[in-house]
Amino acid sequence: MKNDKCRNKLYEITSTNEFDQFITACIVLNTFSMTLTWHNEPSFLQGWMVNLNYIFTGIYTIEAAALIIVDWKSYFKDEWRQFDFLIVLAAIFGIILKRFTHSSLGALTIIIRVFRIARVFKMVKRFRKLRKILNTFIVALPTLGQIGSLIIIQLMIYSILGVHLFSRVMHMPNSPDGLNEHANFSKFPIAFITLIRILTGEAWNEIMMDLSHGRSLLYQCEEAEQTIDDFEKRGPMGCGLPHTSRIYFISFTVIGVFVMLNMFISIIMDGYNVSQEQENMRINEETVEIYKKLWHKYDKKASGLIDVNDLNDLLLDLILDEVK
């Protein structure tokens, strides 16, 4: 940073806790204001929401401009700052689009609105606990993708097997949570969706029991093999397979729920430990930012030099900040 009074003053303003608290309050209020809309809302409320959007966009634009003026190189090296800048650009573009062109442009407008909602993620950078949770997810994401691939493979295998075993089993009448037109194994896509539902634990035992029924007075299934023409005309009319269905569903539940999903939890916990170690490093990104702010206190001209008599005070400030 050069010896420029304007930039020095902007740095002093943007590096204060009060500035951070003000921007955080704006983000919270902006997020709250976006919840105050509904279908057929009063016209005066629409006007208020538009004006509030202008105000908050102006505040975020001024924040970005001030930080860029202070040190544009550091600004664009920071990934969070890049995200902030992208949100600001999207908001400005959305205002111009709506104000001057009166055009919706379909999907593009939806994307711009999503960026407006994404402003809430600016809070992650300002709250250490939230940042730690997000870092945990980022650290664990590659491994979670691998486990997710295993779950998809399991779903595909069991879907194919389920269609082969249970596609001809008659649906239970008046069974909203069991085997019905929405949850069955007649086709691969429906079987795949049904197994996803079973992974959530929702009434999987009802489907298992419906696939276990034999012929009875209330369940008029046919034990004889159905022809293709009859299947297409009347739908599945076969009887259930009691032993096969129990083995099928219990094995799927054990592997899919108790093994795979618990592996997700263990990987996330491992990622949390890694994130915790990164946060507890003696010198991390946050430590560097604190050091830069404290250094500026004794080096107003950003010369890279301080008086030797101020060294003890600088070290004392660092210690006191660490204790806090």
# chains A, B, ... in the order shown; residues from 1 in each chain; ligands from 1
call {"tool": "residues_around", "arguments": {"residues": "Ser15 of chain A", "least_positions_apart": "3", "cutoff": "12 Å", "atoms": "only C-alpha atoms", "output": "ChimeraX atom specification"}}
result
/A:7-12,18-23,63,66-67,70,289-297
call {"tool": "residues_around", "arguments": {"residues": "Met156 of chain A", "least_positions_apart": "5", "cutoff": "9 Å", "atoms": "only C-alpha atoms", "output": "PyMOL selection string"}}
result
chain A and resi 151+161+188+192
call {"tool": "write_last_selection", "arguments": {"atoms": "N, CA and C atoms", "output": "CSV table (one decimal), in the first residue's frame"}}
result
chain,number,residue,atom,x,y,z
A,151,ILE,N,-22.7,-45.8,-2.9
A,151,ILE,CA,-24.1,-45.9,-2.6
A,151,ILE,C,-24.9,-46.0,-3.9
A,161,LEU,N,-31.7,-56.1,-9.3
A,161,LEU,CA,-32.1,-57.3,-8.6
A,161,LEU,C,-33.6,-57.3,-8.2
A,188,PHE,N,-37.0,-50.2,-13.6
A,188,PHE,CA,-35.8,-49.8,-13.0
A,188,PHE,C,-35.9,-48.4,-12.4
A,192,PHE,N,-35.4,-47.7,-8.4
A,192,PHE,CA,-34.3,-46.9,-7.9
A,192,PHE,C,-34.8,-45.8,-7.0
call {"tool": "select_by_dssp", "arguments": {"residues": "segment 38-214 of chain A", "states": "helix (DSSP H, G or I)", "output": "MDAnalysis selection string"}}
result
chainID A and resid 43:77 79:101 107:126 128:166 188:199 204:210
call {"tool": "residues_around", "arguments": {"residues": "Gly178 of chain A", "least_positions_apart": "3", "cutoff": "6 Å", "atoms": "only C-alpha atoms", "output": "PyMOL selection string"}}
result
chain A and resi 175+206-207
call {"tool": "atom_distance", "arguments": {"atom1": "atom CA of Gly271 of chain A", "atom2": "atom CA of Val259 of chain A"}}
result
18.2 Å
call {"tool": "residues_around", "arguments": {"residues": "Ala140 of chain A", "least_positions_apart": "2", "cutoff": "10 Å", "atoms": "only C-alpha atoms", "output": "VMD selection string"}}
result
chain A and resid 134 to 138 142 to 145 264 266 to 272 274 to 275
call {"tool": "write_last_selection", "arguments": {"atoms": "N, CA and C atoms", "output": "CSV table (one decimal), in the first residue's frame"}}
result
chain,number,residue,atom,x,y,z
A,134,LEU,N,-18.0,-25.2,7.4
A,134,LEU,CA,-17.8,-25.2,5.9
A,134,LEU,C,-16.5,-25.8,5.5
A,135,ASN,N,-15.4,-25.5,6.2
A,135,ASN,CA,-14.1,-26.1,5.9
A,135,ASN,C,-14.2,-27.6,6.1
A,136,THR,N,-14.9,-28.0,7.1
A,136,THR,CA,-15.1,-29.5,7.4
A,136,THR,C,-15.7,-30.1,6.1
A,137,PHE,N,-16.8,-29.5,5.6
A,137,PHE,CA,-17.4,-30.1,4.4
A,137,PHE,C,-16.5,-30.1,3.2
A,138,ILE,N,-15.7,-29.0,3.1
A,138,ILE,CA,-14.8,-28.9,1.9
A,138,ILE,C,-13.7,-30.0,2.0
A,142,PRO,N,-14.2,-34.7,-1.2
A,142,PRO,CA,-13.7,-35.7,-2.1
A,142,PRO,C,-14.0,-37.1,-1.7
A,143,THR,N,-13.8,-37.4,-0.4
A,143,THR,CA,-14.1,-38.7,0.1
A,143,THR,C,-15.6,-39.0,0.2
A,144,LEU,N,-16.4,-38.0,0.5
A,144,LEU,CA,-17.8,-38.2,0.4
A,144,LEU,C,-18.3,-38.5,-1.0
A,145,GLY,N,-17.6,-37.9,-2.0
A,145,GLY,CA,-18.0,-38.3,-3.4
A,145,GLY,C,-17.7,-39.8,-3.7
A,264,PHE,N,-20.5,-42.0,6.0
A,264,PHE,CA,-20.6,-40.6,5.8
A,264,PHE,C,-20.3,-39.8,7.1
A,266,SER,N,-18.7,-40.8,9.8
A,266,SER,CA,-17.3,-40.9,10.2
A,266,SER,C,-16.3,-40.1,9.4
A,267,ILE,N,-16.6,-40.0,8.1
A,267,ILE,CA,-15.8,-39.1,7.2
A,267,ILE,C,-15.9,-37.7,7.5
A,268,ILE,N,-17.1,-37.2,7.8
A,268,ILE,CA,-17.4,-35.8,8.2
A,268,ILE,C,-16.6,-35.5,9.5
A,269,MET,N,-16.7,-36.5,10.5
A,269,MET,CA,-16.0,-36.3,11.8
A,269,MET,C,-14.5,-36.2,11.5
A,270,ASP,N,-14.0,-37.0,10.6
A,270,ASP,CA,-12.6,-37.0,10.3
A,270,ASP,C,-12.2,-35.6,9.7
A,271,GLY,N,-13.1,-35.2,8.8
A,271,GLY,CA,-12.8,-33.9,8.2
A,271,GLY,C,-12.9,-32.7,9.2
A,272,TYR,N,-13.8,-32.9,10.2
A,272,TYR,CA,-13.8,-31.9,11.3
A,272,TYR,C,-12.5,-31.8,12.1
A,274,VAL,N,-9.6,-32.6,10.9
A,274,VAL,CA,-8.6,-32.0,10.0
A,274,VAL,C,-8.8,-30.5,10.0
A,275,SER,N,-10.0,-30.0,9.9
A,275,SER,CA,-10.3,-28.6,10.0
A,275,SER,C,-9.9,-28.0,11.3
call {"tool": "atom_distance", "arguments": {"atom1": "atom CA of Thr16 of chain A", "atom2": "atom CA of Glu277 of chain A"}}
result
27.6 Å
call {"tool": "residues_around", "arguments": {"residues": "Pro176 of chain A", "least_positions_apart": "6", "cutoff": "12 Å", "atoms": "only C-alpha atoms", "output": "count of residues only"}}
result
8
call {"tool": "residues_around", "arguments": {"residues": "Arg234 of chain A", "least_positions_apart": "3", "cutoff": "12 Å", "atoms": "only C-alpha atoms", "output": "PDB file with C-alpha atoms, in the first residue's frame"}}
result
ATOM      1  CA  ARG A 168     -44.498 -59.343 -11.097  1.00  0.00           C
ATOM      2  CA  MET A 170     -49.204 -57.743  -7.173  1.00  0.00           C
ATOM      3  CA  HIS A 171     -49.546 -54.313  -5.569  1.00  0.00           C
ATOM      4  CA  CYS A 221     -52.617 -62.952  -6.349  1.00  0.00           C
ATOM      5  CA  GLU A 222     -51.847 -65.675  -8.905  1.00  0.00           C
ATOM      6  CA  GLN A 226     -48.012 -64.453 -15.923  1.00  0.00           C
ATOM      7  CA  THR A 227     -47.739 -64.031 -19.666  1.00  0.00           C
ATOM      8  CA  ILE A 228     -46.429 -60.772 -21.092  1.00  0.00           C
ATOM      9  CA  ASP A 229     -49.800 -59.923 -22.646  1.00  0.00           C
ATOM     10  CA  ASP A 230     -51.596 -60.523 -19.357  1.00  0.00           C
ATOM     11  CA  PHE A 231     -48.990 -58.460 -17.488  1.00  0.00           C
ATOM     12  CA  MET A 237     -50.642 -60.185 -10.361  1.00  0.00           C
ATOM     13  CA  GLY A 238     -47.984 -62.515  -8.904  1.00  0.00           C
TER      14      GLY A 238
END
call {"tool": "atom_distance", "arguments": {"atom1": "atom CA of Val163 of chain A", "atom2": "atom CA of Ser186 of chain A"}}
result
5.9 Å
